[in-house]
$ cat run-v7.txt   # compact mmCIF, C-alpha atoms and all ligand atoms
# COMPACT_ATOMS: atom_id res chain seq x y z
CA MET H 177 -162.19 -38.50 39.70
CA ARG H 178 -162.93 -38.29 43.41
CA ILE H 179 -161.14 -35.55 45.35
CA GLU H 180 -160.01 -37.56 48.35
CA SER H 181 -157.94 -34.96 50.16
CA ALA H 182 -156.59 -31.45 49.91
CA GLU H 183 -153.52 -29.74 51.30
CA LEU H 184 -153.11 -25.97 51.37
CA LEU H 185 -149.60 -24.70 52.09
CA THR H 186 -148.61 -21.10 52.65
CA LEU H 187 -145.11 -20.27 51.45
CA GLU H 188 -142.98 -17.16 51.74
CA LEU H 189 -140.58 -16.94 48.80
CA PRO H 190 -137.97 -14.19 48.34
CA LEU H 191 -137.87 -12.67 44.85
CA LYS H 192 -134.49 -12.11 43.19
CA PHE H 193 -135.51 -8.56 42.31
CA ARG H 194 -137.56 -5.82 43.87
CA PHE H 195 -140.67 -5.51 41.68
CA GLU H 196 -142.16 -2.03 41.65
CA THR H 197 -145.44 -1.26 39.90
CA SER H 198 -147.81 1.70 40.11
CA PHE H 199 -149.63 -0.07 42.97
CA GLY H 200 -146.66 -1.02 45.16
CA THR H 201 -143.36 -2.82 45.58
CA GLN H 202 -142.86 -6.55 46.13
CA LYS H 203 -139.64 -8.11 47.45
CA SER H 204 -141.11 -11.53 48.08
CA ARG H 205 -144.26 -13.47 47.39
CA ARG H 206 -146.62 -15.14 49.81
CA VAL H 207 -147.82 -18.10 47.80
CA LEU H 208 -150.72 -20.42 48.51
CA LEU H 209 -149.98 -23.86 47.09
CA LEU H 210 -152.94 -26.20 46.68
CA ILE H 211 -152.48 -29.94 46.32
CA LEU H 212 -155.55 -32.04 45.49
CA GLN H 213 -155.26 -35.83 45.82
CA GLY H 214 -157.26 -38.62 44.22
CA GLU H 215 -156.65 -42.12 42.79
CA GLY H 216 -153.05 -41.97 44.05
CA LEU H 217 -152.37 -38.85 41.96
CA GLU H 218 -151.83 -35.20 42.86
CA GLY H 219 -152.93 -32.00 41.10
CA TYR H 220 -151.27 -28.66 41.79
CA ALA H 221 -152.17 -25.00 41.59
CA GLU H 222 -150.87 -21.80 43.12
CA GLY H 223 -152.66 -18.71 44.32
CA VAL H 224 -151.61 -15.54 42.53
CA MET H 225 -153.53 -13.14 44.77
CA THR H 226 -151.55 -10.34 46.37
CA GLU H 227 -151.24 -9.88 50.15
CA LEU H 228 -153.12 -6.58 50.02
CA PRO H 229 -156.00 -5.93 47.60
CA LEU H 230 -153.93 -3.67 45.33
CA TYR H 231 -154.21 -5.51 41.98
CA ARG H 232 -157.82 -6.75 42.15
CA GLU H 233 -159.88 -7.25 45.32
CA GLU H 234 -158.57 -10.67 46.30
CA THR H 235 -155.97 -11.22 49.03
CA VAL H 236 -153.96 -14.18 50.35
CA ALA H 237 -155.73 -14.09 53.71
CA GLY H 238 -159.17 -13.88 52.12
CA ALA H 239 -158.37 -16.72 49.75
CA LYS H 240 -157.16 -18.92 52.59
CA ALA H 241 -160.37 -18.41 54.54
CA LEU H 242 -162.62 -18.99 51.54
CA LEU H 243 -160.71 -22.12 50.49
CA THR H 244 -160.55 -23.76 53.90
CA GLU H 245 -164.02 -22.77 55.14
CA THR H 246 -166.06 -23.03 51.95
CA LEU H 247 -164.55 -24.06 48.62
CA LEU H 248 -162.49 -27.09 49.63
CA PRO H 249 -165.14 -28.52 51.99
CA SER H 250 -167.68 -28.22 49.16
CA VAL H 251 -165.64 -30.44 46.80
CA LEU H 252 -163.85 -32.82 49.18
CA GLY H 253 -164.97 -36.43 49.05
CA LYS H 254 -166.98 -35.75 45.89
CA ASP H 255 -166.59 -37.33 42.49
CA PHE H 256 -166.29 -35.06 39.45
CA PRO H 257 -166.23 -36.71 36.03
CA ASN H 258 -164.46 -33.73 34.45
CA PRO H 259 -163.32 -30.14 35.18
CA GLU H 260 -166.61 -28.74 33.87
CA ALA H 261 -168.53 -30.62 36.59
CA LEU H 262 -166.19 -29.18 39.21
CA ARG H 263 -166.54 -25.70 37.74
CA GLN H 264 -170.32 -25.98 38.06
CA ALA H 265 -169.98 -26.93 41.73
CA LEU H 266 -168.04 -23.68 42.33
CA ALA H 267 -170.16 -21.50 40.03
CA PRO H 268 -172.74 -20.39 42.66
CA PHE H 269 -169.96 -18.63 44.58
CA ARG H 270 -169.65 -15.17 43.09
CA GLY H 271 -166.46 -13.32 42.28
CA ASN H 272 -163.26 -14.56 43.95
CA HIS H 273 -161.96 -15.76 40.59
CA GLN H 274 -158.33 -16.17 41.65
CA THR H 275 -159.38 -18.26 44.66
CA LYS H 276 -161.82 -20.45 42.73
CA ALA H 277 -159.20 -20.82 39.97
CA MET H 278 -156.87 -22.57 42.41
CA VAL H 279 -159.35 -25.41 42.86
CA GLU H 280 -160.25 -25.55 39.17
CA MET H 281 -156.64 -25.48 37.97
CA ALA H 282 -155.44 -28.12 40.47
CA PHE H 283 -158.31 -30.32 39.32
CA TRP H 284 -157.37 -29.90 35.63
CA ASP H 285 -153.84 -31.04 36.51
CA LEU H 286 -155.20 -34.03 38.46
CA TRP H 287 -157.63 -34.95 35.67
CA ALA H 288 -155.00 -34.67 32.93
CA LYS H 289 -152.70 -36.90 35.00
CA SER H 290 -155.49 -39.48 35.41
CA LEU H 291 -155.79 -39.54 31.60
CA GLY H 292 -151.99 -39.62 31.22
CA VAL H 293 -151.87 -36.61 28.87
CA PRO H 294 -150.34 -33.12 29.00
CA LEU H 295 -152.80 -30.42 30.09
CA ALA H 296 -152.13 -28.52 26.84
CA ASP H 297 -153.64 -31.40 24.84
CA LEU H 298 -156.91 -31.23 26.81
CA LEU H 299 -157.14 -27.44 26.44
CA GLY H 300 -156.65 -27.56 22.67
CA GLY H 301 -153.01 -26.50 22.53
CA VAL H 302 -151.28 -26.50 19.16
CA LYS H 303 -147.63 -25.68 20.00
CA ARG H 304 -144.78 -27.13 22.02
CA GLU H 305 -143.19 -23.78 22.92
CA VAL H 306 -144.56 -20.27 23.42
CA PRO H 307 -143.05 -16.83 22.71
CA VAL H 308 -142.19 -14.78 25.79
CA GLY H 309 -141.08 -11.31 26.79
CA VAL H 310 -140.30 -9.70 30.13
CA SER H 311 -142.15 -7.32 32.41
CA LEU H 312 -139.67 -4.83 33.92
CA GLY H 313 -140.64 -3.04 37.12
CA ILE H 314 -140.12 0.64 37.82
CA GLN H 315 -136.37 1.17 38.39
CA PRO H 316 -134.38 3.66 40.51
CA SER H 317 -133.14 5.33 37.32
CA ILE H 318 -133.61 5.46 33.55
CA GLU H 319 -129.97 4.30 33.14
CA ARG H 320 -130.77 1.12 35.08
CA THR H 321 -133.86 0.59 32.90
CA LEU H 322 -131.77 0.91 29.73
CA GLU H 323 -129.28 -1.68 31.07
CA LEU H 324 -132.06 -4.12 31.87
CA VAL H 325 -133.73 -3.68 28.49
CA GLU H 326 -130.43 -4.32 26.74
CA LYS H 327 -129.72 -7.41 28.87
CA HIS H 328 -133.11 -9.01 28.22
CA LEU H 329 -133.09 -8.25 24.50
CA ALA H 330 -129.61 -9.83 24.33
CA GLU H 331 -131.08 -12.94 26.03
CA GLY H 332 -133.58 -13.17 23.19
CA TYR H 333 -136.76 -12.02 24.92
CA LYS H 334 -139.26 -11.05 22.25
CA ARG H 335 -140.90 -8.08 23.94
CA ILE H 336 -140.07 -5.60 26.68
CA LYS H 337 -142.91 -4.34 28.89
CA LEU H 338 -142.14 -1.35 31.08
CA LYS H 339 -144.19 -0.64 34.16
CA ILE H 340 -145.25 3.01 34.27
CA LYS H 341 -146.87 5.37 36.78
CA PRO H 342 -147.43 9.14 36.85
CA GLY H 343 -143.94 10.69 36.90
CA TRP H 344 -142.32 7.54 35.43
CA ASP H 345 -143.78 7.36 31.97
CA VAL H 346 -143.09 9.53 28.89
CA GLU H 347 -139.39 10.23 29.58
CA VAL H 348 -138.36 6.65 30.34
CA VAL H 349 -140.27 5.34 27.33
CA ARG H 350 -138.77 8.05 25.10
CA GLN H 351 -135.24 7.07 26.08
CA VAL H 352 -135.83 3.32 25.77
CA ARG H 353 -137.42 3.80 22.35
CA GLU H 354 -134.54 6.00 21.23
CA ALA H 355 -131.94 3.46 22.32
CA PHE H 356 -133.86 0.45 20.91
CA PRO H 357 -135.78 1.69 17.87
CA GLU H 358 -136.65 -1.82 16.63
CA ALA H 359 -137.63 -3.46 19.94
CA LYS H 360 -141.15 -4.70 20.53
CA LEU H 361 -142.03 -2.36 23.38
CA THR H 362 -145.14 -2.03 25.59
CA VAL H 363 -146.11 -0.28 28.84
CA ASP H 364 -148.32 -1.36 31.76
CA ALA H 365 -149.88 1.26 34.06
CA ASN H 366 -151.87 -1.07 36.35
CA SER H 367 -154.73 1.44 36.44
CA ALA H 368 -152.63 4.42 37.55
CA TYR H 369 -154.22 7.03 35.23
CA ARG H 370 -157.58 8.62 34.56
CA ILE H 371 -159.17 9.71 31.32
CA TYR H 372 -158.16 13.35 31.91
CA ASP H 373 -154.47 12.27 31.86
CA ASP H 374 -154.72 11.93 28.11
CA ARG H 375 -151.74 14.27 27.60
CA VAL H 376 -149.57 11.34 28.74
CA PHE H 377 -151.29 8.94 26.35
CA ARG H 378 -150.99 11.28 23.39
CA ALA H 379 -147.23 11.46 24.11
CA LEU H 380 -146.92 7.67 24.50
CA ASP H 381 -148.85 7.28 21.25
CA ALA H 382 -145.79 8.55 19.32
CA PHE H 383 -143.43 5.74 20.45
CA ASN H 384 -144.73 2.89 18.29
CA LEU H 385 -145.72 0.76 21.28
CA ASP H 386 -147.41 -2.59 20.64
CA TYR H 387 -150.01 -1.65 23.22
CA ILE H 388 -150.66 0.32 26.43
CA GLU H 389 -151.77 -2.11 29.15
CA GLN H 390 -154.55 -1.24 31.61
CA PRO H 391 -154.09 2.55 31.68
CA LEU H 392 -157.35 3.35 33.51
CA ALA H 393 -159.33 2.04 36.47
CA TYR H 394 -159.34 -1.68 37.27
CA ASP H 395 -163.13 -1.79 37.05
CA ASP H 396 -163.60 0.53 34.09
CA LEU H 397 -164.50 -0.12 30.46
CA ALA H 398 -166.29 3.07 29.41
CA ASP H 399 -163.30 5.39 29.79
CA HIS H 400 -160.98 2.86 28.17
CA ALA H 401 -163.28 2.99 25.13
CA ARG H 402 -163.15 6.81 25.12
CA LEU H 403 -159.35 6.72 25.36
CA GLN H 404 -159.04 4.06 22.64
CA ALA H 405 -160.96 6.34 20.28
CA ARG H 406 -158.39 9.11 20.86
CA ILE H 407 -155.15 7.16 20.34
CA GLN H 408 -153.69 4.92 17.62
CA THR H 409 -151.86 2.56 19.99
CA PRO H 410 -154.02 -0.43 20.94
CA ILE H 411 -155.15 -0.60 24.55
CA CYS H 412 -154.55 -3.98 26.21
CA LEU H 413 -156.92 -4.90 29.02
CA ASP H 414 -155.69 -6.84 32.05
CA GLU H 415 -157.42 -6.00 35.37
CA SER H 416 -160.70 -5.04 33.64
CA VAL H 417 -161.37 -8.46 32.10
CA LEU H 418 -162.65 -11.11 34.50
CA SER H 419 -164.84 -13.30 32.31
CA LYS H 420 -165.90 -14.15 28.79
CA GLU H 421 -169.03 -12.02 29.21
CA GLY H 422 -166.92 -9.10 30.41
CA ALA H 423 -164.54 -9.59 27.48
CA ARG H 424 -167.48 -9.62 25.04
CA VAL H 425 -168.77 -6.31 26.40
CA ALA H 426 -165.24 -4.80 26.34
CA LEU H 427 -164.56 -5.85 22.75
CA SER H 428 -168.03 -4.83 21.54
CA MET H 429 -167.46 -1.31 22.85
CA ASP H 430 -163.85 -1.13 21.60
CA ALA H 431 -162.48 -0.62 25.11
CA GLY H 432 -159.32 -2.44 24.03
CA ARG H 433 -157.78 -4.21 21.04
CA VAL H 434 -155.58 -6.72 22.88
CA ILE H 435 -156.30 -8.88 25.95
CA ASN H 436 -153.82 -10.03 28.57
CA ILE H 437 -155.28 -13.33 29.80
CA LYS H 438 -154.24 -14.57 33.22
CA VAL H 439 -155.82 -17.93 33.87
CA ALA H 440 -156.29 -17.24 37.58
CA ARG H 441 -157.72 -13.73 37.15
CA VAL H 442 -160.60 -15.10 35.08
CA GLY H 443 -161.35 -18.07 37.34
CA GLY H 444 -159.50 -20.90 35.64
CA HIS H 445 -158.67 -22.72 32.44
CA ALA H 446 -162.24 -23.11 31.16
CA GLU H 447 -162.97 -19.38 31.30
CA ALA H 448 -159.52 -18.50 29.94
CA LYS H 449 -160.18 -20.72 26.94
CA LYS H 450 -163.59 -19.09 26.38
CA ILE H 451 -161.96 -15.65 26.37
CA HIS H 452 -159.25 -16.90 24.02
CA ASP H 453 -161.89 -18.23 21.60
CA LEU H 454 -164.04 -15.11 21.82
CA ALA H 455 -161.07 -12.82 21.15
CA GLU H 456 -160.12 -14.96 18.16
CA ALA H 457 -163.64 -14.53 16.77
CA PHE H 458 -163.27 -10.75 17.19
CA GLY H 459 -159.86 -10.80 15.47
CA ILE H 460 -158.25 -9.67 18.71
CA PRO H 461 -154.84 -11.16 19.72
CA VAL H 462 -154.25 -12.35 23.27
CA TRP H 463 -151.15 -13.06 25.32
CA MET H 464 -150.46 -14.91 28.55
CA GLY H 465 -149.92 -12.63 31.53
CA GLY H 466 -147.94 -13.41 34.66
CA MET H 467 -148.19 -12.78 38.39
CA LEU H 468 -144.58 -13.60 39.36
CA GLU H 469 -145.52 -17.27 39.59
CA THR H 470 -143.51 -20.19 40.92
CA GLY H 471 -143.03 -23.16 38.63
CA VAL H 472 -146.55 -24.39 39.42
CA GLY H 473 -148.45 -21.36 38.14
CA ARG H 474 -145.85 -20.84 35.40
CA ALA H 475 -146.36 -24.40 34.09
CA HIS H 476 -150.15 -23.90 34.05
CA ALA H 477 -149.64 -20.65 32.11
CA ILE H 478 -147.35 -22.24 29.53
CA HIS H 479 -149.84 -25.05 28.88
CA ALA H 480 -152.69 -22.57 28.44
CA ALA H 481 -150.57 -20.35 26.15
CA THR H 482 -150.20 -23.15 23.58
CA LEU H 483 -153.65 -22.28 22.20
CA PRO H 484 -153.47 -20.72 18.72
CA ASN H 485 -154.63 -17.14 19.40
CA TYR H 486 -151.86 -16.51 21.97
CA THR H 487 -149.96 -14.80 19.17
CA LEU H 488 -148.22 -12.04 21.17
CA PRO H 489 -145.27 -12.78 23.51
CA GLY H 490 -146.41 -13.44 27.09
CA ASP H 491 -144.96 -12.60 30.52
CA THR H 492 -144.04 -16.24 31.27
CA SER H 493 -140.28 -15.68 31.30
CA SER H 494 -137.62 -17.98 32.79
CA ALA H 495 -138.27 -19.07 36.39
CA SER H 496 -134.60 -18.37 37.19
CA ARG H 497 -135.25 -14.64 36.68
CA TYR H 498 -137.51 -14.70 39.75
CA TRP H 499 -136.19 -17.41 42.07
CA ASP H 500 -132.88 -18.71 43.33
CA GLU H 501 -134.76 -21.88 44.19
CA ASP H 502 -138.06 -22.62 42.49
CA ILE H 503 -140.49 -25.00 44.22
CA VAL H 504 -140.57 -27.41 41.26
CA ASN H 505 -137.76 -29.72 40.18
CA GLU H 506 -137.95 -28.86 36.48
CA ALA H 507 -136.15 -25.78 35.17
CA LEU H 508 -138.63 -23.62 33.26
CA GLU H 509 -136.21 -21.69 31.09
CA ALA H 510 -136.79 -19.79 27.86
CA LYS H 511 -134.26 -20.01 25.04
CA ALA H 512 -134.14 -17.25 22.44
CA GLY H 513 -137.47 -15.98 23.72
CA MET H 514 -139.25 -19.32 23.42
CA MET H 515 -140.50 -21.13 26.53
CA PRO H 516 -140.79 -24.91 26.03
CA LEU H 517 -143.87 -26.76 27.29
CA PRO H 518 -142.99 -28.83 30.39
CA GLU H 519 -143.32 -32.43 29.20
CA GLY H 520 -145.27 -35.21 30.87
CA PRO H 521 -148.85 -35.69 32.07
CA GLY H 522 -150.77 -32.76 33.58
CA ILE H 523 -148.77 -29.55 33.96
CA GLY H 524 -145.55 -31.57 33.64
CA VAL H 525 -143.78 -30.39 36.80
CA THR H 526 -143.07 -32.13 40.11
CA LEU H 527 -142.83 -30.49 43.55
CA ASN H 528 -139.52 -30.09 45.33
CA ARG H 529 -140.79 -30.97 48.82
CA GLU H 530 -137.54 -30.06 50.53
CA ARG H 531 -137.58 -26.50 49.18
CA ILE H 532 -141.28 -26.20 49.92
CA GLU H 533 -140.70 -27.23 53.55
CA ARG H 534 -138.04 -24.53 53.89
CA ALA H 535 -140.38 -21.84 52.56
CA ARG H 536 -143.52 -23.04 54.37
CA ILE H 537 -145.14 -20.86 57.03
CA ASP H 538 -148.47 -22.66 57.36
CA ARG H 539 -150.20 -25.91 56.46
CA TRP H 540 -153.86 -26.96 56.31
CA ARG H 541 -155.06 -30.40 55.36
CA ALA H 542 -158.43 -32.13 55.06
CA GLY H 543 -159.80 -35.41 53.74
CA GLN H 544 -158.72 -39.01 54.08
O1 LIG H 601 -150.11 -6.27 35.65
O2 LIG H 601 -149.24 -7.85 34.57
C1 LIG H 601 -149.40 -7.26 35.63
C2 LIG H 601 -147.18 -8.82 38.33
C3 LIG H 601 -148.01 -8.73 39.42
C4 LIG H 601 -149.24 -8.14 39.28
C5 LIG H 601 -149.65 -7.64 38.05
C6 LIG H 601 -148.82 -7.73 36.93
C7 LIG H 601 -147.55 -8.30 37.10
C8 LIG H 601 -146.57 -8.36 36.03
C9 LIG H 601 -145.48 -9.39 36.17
O3 LIG H 601 -146.52 -7.60 35.10
C10 LIG H 601 -145.46 -10.39 35.10
C11 LIG H 601 -144.51 -11.52 35.45
O4 LIG H 601 -143.32 -11.39 35.19
O5 LIG H 601 -144.98 -12.53 36.01
MG MG H 602 -150.84 -5.94 33.71
$ encode --input "run-v7.txt" --output "C-alpha cells" --more "lines below"
Ligand code: OSB
Ligand code: MG
Amino acid sequence: MRIESAELLTLELPLKFRFETSFGTQKSRRVLLLILQGEGLEGYAEGVMTELPLYREETVAGAKALLTETLLPSVLGKDFPNPEALRQALAPFRGNHQTKAMVEMAFWDLWAKSLGVPLADLLGGVKREVPVGVSLGIQPSIERTLELVEKHLAEGYKRIKLKIKPGWDVEVVRQVREAFPEAKLTVDANSAYRIYDDRVFRALDAFNLDYIEQPLAYDDLADHARLQARIQTPICLDESVLSKEGARVALSMDAGRVINIKVARVGGHAEAKKIHDLAEAFGIPVWMGGMLETGVGRAHAIHAATLPNYTLPGDTSSASRYWDEDIVNEALEAKAGMMPLPEGPGIGVTLNRERIERARIDRWRAGQ
C-alpha cells in the first residue's frame, strides 16, 4: 500500500460537559484528524494529545509540527506492505507516541480497508461488542456526582470511574459507595498524589474499589510498587505505561495489577497488542482507556478492545455523551453497557465532511 497523500485537519469541537480532572478542566477538544490516502481508499486517525502538556508531554501544537515537518514527509509516496513496515519507518523517532500513533493507526485503517476486512479481525479480536463504563469528572458538588452515578448506572454502564484530586477524594467516594454498595467503582487520580499521601490511599482501600488508577507521578513506577505493597486495592497504571518494555518492568516489580491501555498513548495498535498479550501472560487484566475521542478514535478503540484480555469495562462510552454532533456518520452508542463494533472494513466509520468543515480551524495537505 503506497501512501499517496495525507491531509491533516485541526478541529475545535465543543464538549457537552465540562470535564474536570486533577490536571485541569476541558470544555472543548482541539482534535487533529489525519487522513491518509492510497489506492483510492482513505485511512483515518485522530490525535488525542492535549493542548497543554498536562497529561503526558505531548501537545497538539507539537504534534502538528512533528507530523507536517517530519513524520508525514518520511512516509509520503512510499510503499508499505503492512503496518509493521510502516512502524519500522517511524521507529527511529523517539518518544512522541501519541503523534506517531496517528500515522500508524490511520495506516492500519487504510490497510484493513484494502483487504476488505474489519480492523478487529487483523488485530486478533474475538468479540463483536465490548463492555463499557463511564469516567465522571470532578463535579461542583457530591450531590451532583451522586445524580450522575445513578443516571449512568440506570443506563446500564458497567463501571463508574470517579476522577479524584487532593480535597476531592475520600468523602465523595465514601458517599458514592454508601449510596451504591454493589456498583463496580474505581477512581482515577491522574498522578495527583505522592507516596507520602498514603493516608488517602489507606482510606480509599476500605471502599471495595476495583482499582485506583494512576495515583502517583506520570513517570513513576518505583513508588507505585511501594504503594501497591501497602494496599489491597489493585493499582491500575495509565500514564506510566508507554510501551511493552515499560509494561514488563512495571508488572515485574508489581507497580500495578491492572493496565489501562490507550492505543495512542503507547504508539499505536501494534504496541497496544503487545501490551495486551504481555499482561495476559502475567495474568493481569486490561481495559480500553479513552481520551474524549470523536468517532474516529472511538472506533479504533472499540476494534482494539475486542481482544480477549480486555476483560474489564473500558472508557469507550456512547459518543452522544460527548458530542451534539460527532464527526462520523455512524452512531457509536452503547446499549446496556455493551458497545457494538462498528461494522464494515477498517474501523467501520465514515467521515461527516460537512460537520468537519464547520469545526475546522486549519488544514494541511501534501502528496499527489
Ligand atoms: O486519565 O483516563 C484518563 C480523559 C482525558 C485524559 C485522561 C483521561 C481521560 C478520561 C476520559 O478519563 C475517558 C473518556 O471518557 O474518554
Ligand atoms: Mg487515567
$ residues_near_ligand --input "run-v7.txt" --ligand "ligand MG 602 (chain H)" --cutoff "8 Å" --atoms "all atoms listed in the file" --output "list of chain:residue names"
H:Asp364, H:Ala365, H:Asn366, H:Glu389, H:Gln390, H:Leu413, H:Asp414, H:Glu415, H:Asn436, H:Gly465
$ closest_atom_pairs --input "run-v7.txt" --of "chain H" --to "ligand LIG 601 (chain H)" --cutoff "9 Å" --atoms "only C-alpha atoms and all ligand atoms" --output "CSV"
residue,atom,partner,partner_atom,distance
H:Phe195,CA,H:LIG601,C2,8.0
H:Thr197,CA,H:LIG601,C5,7.9
H:Phe199,CA,H:LIG601,C4,8.9
H:Gln202,CA,H:LIG601,C3,8.7
H:Val224,CA,H:LIG601,C3,8.3
H:Met225,CA,H:LIG601,C4,8.6
H:Thr226,CA,H:LIG601,C4,7.8
H:Leu230,CA,H:LIG601,C4,8.9
H:Tyr231,CA,H:LIG601,C4,6.2
H:Gly309,CA,H:LIG601,O4,8.7
H:Val310,CA,H:LIG601,O4,6.1
H:Ser311,CA,H:LIG601,O4,5.1
H:Leu312,CA,H:LIG601,O3,7.5
H:Gly313,CA,H:LIG601,O3,7.7
H:Lys337,CA,H:LIG601,O3,7.9
H:Leu338,CA,H:LIG601,O3,8.6
H:Lys339,CA,H:LIG601,O3,7.4
H:Asp364,CA,H:LIG601,O1,6.5
H:Ala365,CA,H:LIG601,O1,7.7
H:Asn366,CA,H:LIG601,O1,5.5
H:Glu389,CA,H:LIG601,O1,7.9
H:Gln390,CA,H:LIG601,O1,7.8
H:Asp414,CA,H:LIG601,O1,6.7
H:Glu415,CA,H:LIG601,O1,7.3
H:Asn436,CA,H:LIG601,O2,7.9
H:Lys438,CA,H:LIG601,O2,8.5
H:Gly465,CA,H:LIG601,O2,5.7
H:Gly466,CA,H:LIG601,O5,3.4
H:Met467,CA,H:LIG601,O5,4.0
H:Leu468,CA,H:LIG601,O5,3.5
H:Glu469,CA,H:LIG601,O5,6.0
H:Arg474,CA,H:LIG601,O5,8.4
H:Gly490,CA,H:LIG601,C10,8.6
H:Asp491,CA,H:LIG601,C11,5.1
H:Thr492,CA,H:LIG601,O5,6.1
H:Ser493,CA,H:LIG601,O4,6.5
H:Arg497,CA,H:LIG601,O4,8.8
H:Tyr498,CA,H:LIG601,O4,8.1
$ write_last_selection --input "run-v7.txt" --atoms "C-alpha atoms" --output "compact mmCIF listing (two decimals), in the coordinates of the input"
# COMPACT_ATOMS: atom_id res chain seq x y z
CA PHE H 195 -140.67 -5.51 41.68
CA THR H 197 -145.44 -1.26 39.90
CA PHE H 199 -149.63 -0.07 42.97
CA GLN H 202 -142.86 -6.55 46.13
CA VAL H 224 -151.61 -15.54 42.53
CA MET H 225 -153.53 -13.14 44.77
CA THR H 226 -151.55 -10.34 46.37
CA LEU H 230 -153.93 -3.67 45.33
CA TYR H 231 -154.21 -5.51 41.98
CA GLY H 309 -141.08 -11.31 26.79
CA VAL H 310 -140.30 -9.70 30.13
CA SER H 311 -142.15 -7.32 32.41
CA LEU H 312 -139.67 -4.83 33.92
CA GLY H 313 -140.64 -3.04 37.12
CA LYS H 337 -142.91 -4.34 28.89
CA LEU H 338 -142.14 -1.35 31.08
CA LYS H 339 -144.19 -0.64 34.16
CA ASP H 364 -148.32 -1.36 31.76
CA ALA H 365 -149.88 1.26 34.06
CA ASN H 366 -151.87 -1.07 36.35
CA GLU H 389 -151.77 -2.11 29.15
CA GLN H 390 -154.55 -1.24 31.61
CA ASP H 414 -155.69 -6.84 32.05
CA GLU H 415 -157.42 -6.00 35.37
CA ASN H 436 -153.82 -10.03 28.57
CA LYS H 438 -154.24 -14.57 33.22
CA GLY H 465 -149.92 -12.63 31.53
CA GLY H 466 -147.94 -13.41 34.66
CA MET H 467 -148.19 -12.78 38.39
CA LEU H 468 -144.58 -13.60 39.36
CA GLU H 469 -145.52 -17.27 39.59
CA ARG H 474 -145.85 -20.84 35.40
CA GLY H 490 -146.41 -13.44 27.09
CA ASP H 491 -144.96 -12.60 30.52
CA THR H 492 -144.04 -16.24 31.27
CA SER H 493 -140.28 -15.68 31.30
CA ARG H 497 -135.25 -14.64 36.68
CA TYR H 498 -137.51 -14.70 39.75
$ residues_around --input "run-v7.txt" --residues "Ile460 in chain H" --least-positions-apart "6" --cutoff "12 Å" --atoms "only C-alpha atoms" --output "VMD selection string"
chain H and resid 410 to 413 423 to 424 426 to 428 430 to 436 451 to 454 485 to 488
$ residues_around --input "run-v7.txt" --residues "Ala480 in chain H" --least-positions-apart "3" --cutoff "9 Å" --atoms "all atoms listed in the file" --output "CSV table (one decimal) with C-alpha atoms, keeping the file's coordinate frame"
chain,number,residue,atom,x,y,z
H,295,LEU,CA,-152.8,-30.4,30.1
H,296,ALA,CA,-152.1,-28.5,26.8
H,299,LEU,CA,-157.1,-27.4,26.4
H,300,GLY,CA,-156.6,-27.6,22.7
H,301,GLY,CA,-153.0,-26.5,22.5
H,439,VAL,CA,-155.8,-17.9,33.9
H,445,HIS,CA,-158.7,-22.7,32.4
H,448,ALA,CA,-159.5,-18.5,29.9
H,449,LYS,CA,-160.2,-20.7,26.9
H,464,MET,CA,-150.5,-14.9,28.6
H,475,ALA,CA,-146.4,-24.4,34.1
H,476,HIS,CA,-150.2,-23.9,34.0
H,477,ALA,CA,-149.6,-20.6,32.1
H,483,LEU,CA,-153.6,-22.3,22.2
H,486,TYR,CA,-151.9,-16.5,22.0
$ residues_around --input "run-v7.txt" --residues "Leu403 in chain H" --least-positions-apart "2" --cutoff "10 Å" --atoms "all atoms listed in the file" --output "list of chain:residue names"
H:Arg370, H:Ile371, H:Tyr372, H:Asp373, H:Asp374, H:Phe377, H:Arg378, H:Pro391, H:Leu392, H:Leu397, H:Ala398, H:Asp399, H:His400, H:Ala401, H:Ala405, H:Arg406, H:Ile407, H:Gln408, H:Pro410, H:Ile411, H:Asp430, H:Ala431, H:Gly432
$ decode --input "run-v7.txt" --residues "range 435-442 of chain H" --atoms "N, CA, C and O atoms" --output "PDB file, in the first residue's frame"
ATOM      1  N   ILE H 435      -3.890  -2.776  33.879  1.00  0.00           N
ATOM      2  CA  ILE H 435      -3.371  -1.747  32.963  1.00  0.00           C
ATOM      3  C   ILE H 435      -4.515  -1.159  32.143  1.00  0.00           C
ATOM      4  O   ILE H 435      -5.337  -1.889  31.581  1.00  0.00           O
ATOM      5  N   ASN H 436      -4.550   0.175  32.119  1.00  0.00           N
ATOM      6  CA  ASN H 436      -5.411   0.918  31.206  1.00  0.00           C
ATOM      7  C   ASN H 436      -4.589   1.091  29.936  1.00  0.00           C
ATOM      8  O   ASN H 436      -3.561   1.766  29.947  1.00  0.00           O
ATOM      9  N   ILE H 437      -5.025   0.449  28.842  1.00  0.00           N
ATOM     10  CA  ILE H 437      -4.322   0.625  27.564  1.00  0.00           C
ATOM     11  C   ILE H 437      -5.059   1.686  26.757  1.00  0.00           C
ATOM     12  O   ILE H 437      -6.275   1.618  26.591  1.00  0.00           O
ATOM     13  N   LYS H 438      -4.312   2.685  26.313  1.00  0.00           N
ATOM     14  CA  LYS H 438      -4.831   3.636  25.323  1.00  0.00           C
ATOM     15  C   LYS H 438      -3.944   3.445  24.108  1.00  0.00           C
ATOM     16  O   LYS H 438      -2.712   3.580  24.222  1.00  0.00           O
ATOM     17  N   VAL H 439      -4.533   3.124  22.995  1.00  0.00           N
ATOM     18  CA  VAL H 439      -3.755   2.762  21.811  1.00  0.00           C
ATOM     19  C   VAL H 439      -2.783   3.895  21.458  1.00  0.00           C
ATOM     20  O   VAL H 439      -1.607   3.661  21.177  1.00  0.00           O
ATOM     21  N   ALA H 440      -3.257   5.127  21.511  1.00  0.00           N
ATOM     22  CA  ALA H 440      -2.411   6.252  21.121  1.00  0.00           C
ATOM     23  C   ALA H 440      -1.266   6.487  22.108  1.00  0.00           C
ATOM     24  O   ALA H 440      -0.147   6.786  21.705  1.00  0.00           O
ATOM     25  N   ARG H 441      -1.553   6.345  23.406  1.00  0.00           N
ATOM     26  CA  ARG H 441      -0.512   6.607  24.410  1.00  0.00           C
ATOM     27  C   ARG H 441       0.705   5.725  24.213  1.00  0.00           C
ATOM     28  O   ARG H 441       1.833   6.130  24.494  1.00  0.00           O
ATOM     29  N   VAL H 442       0.490   4.503  23.719  1.00  0.00           N
ATOM     30  CA  VAL H 442       1.589   3.550  23.586  1.00  0.00           C
ATOM     31  C   VAL H 442       2.148   3.501  22.162  1.00  0.00           C
ATOM     32  O   VAL H 442       3.002   2.672  21.863  1.00  0.00           O
TER      33      VAL H 442
END
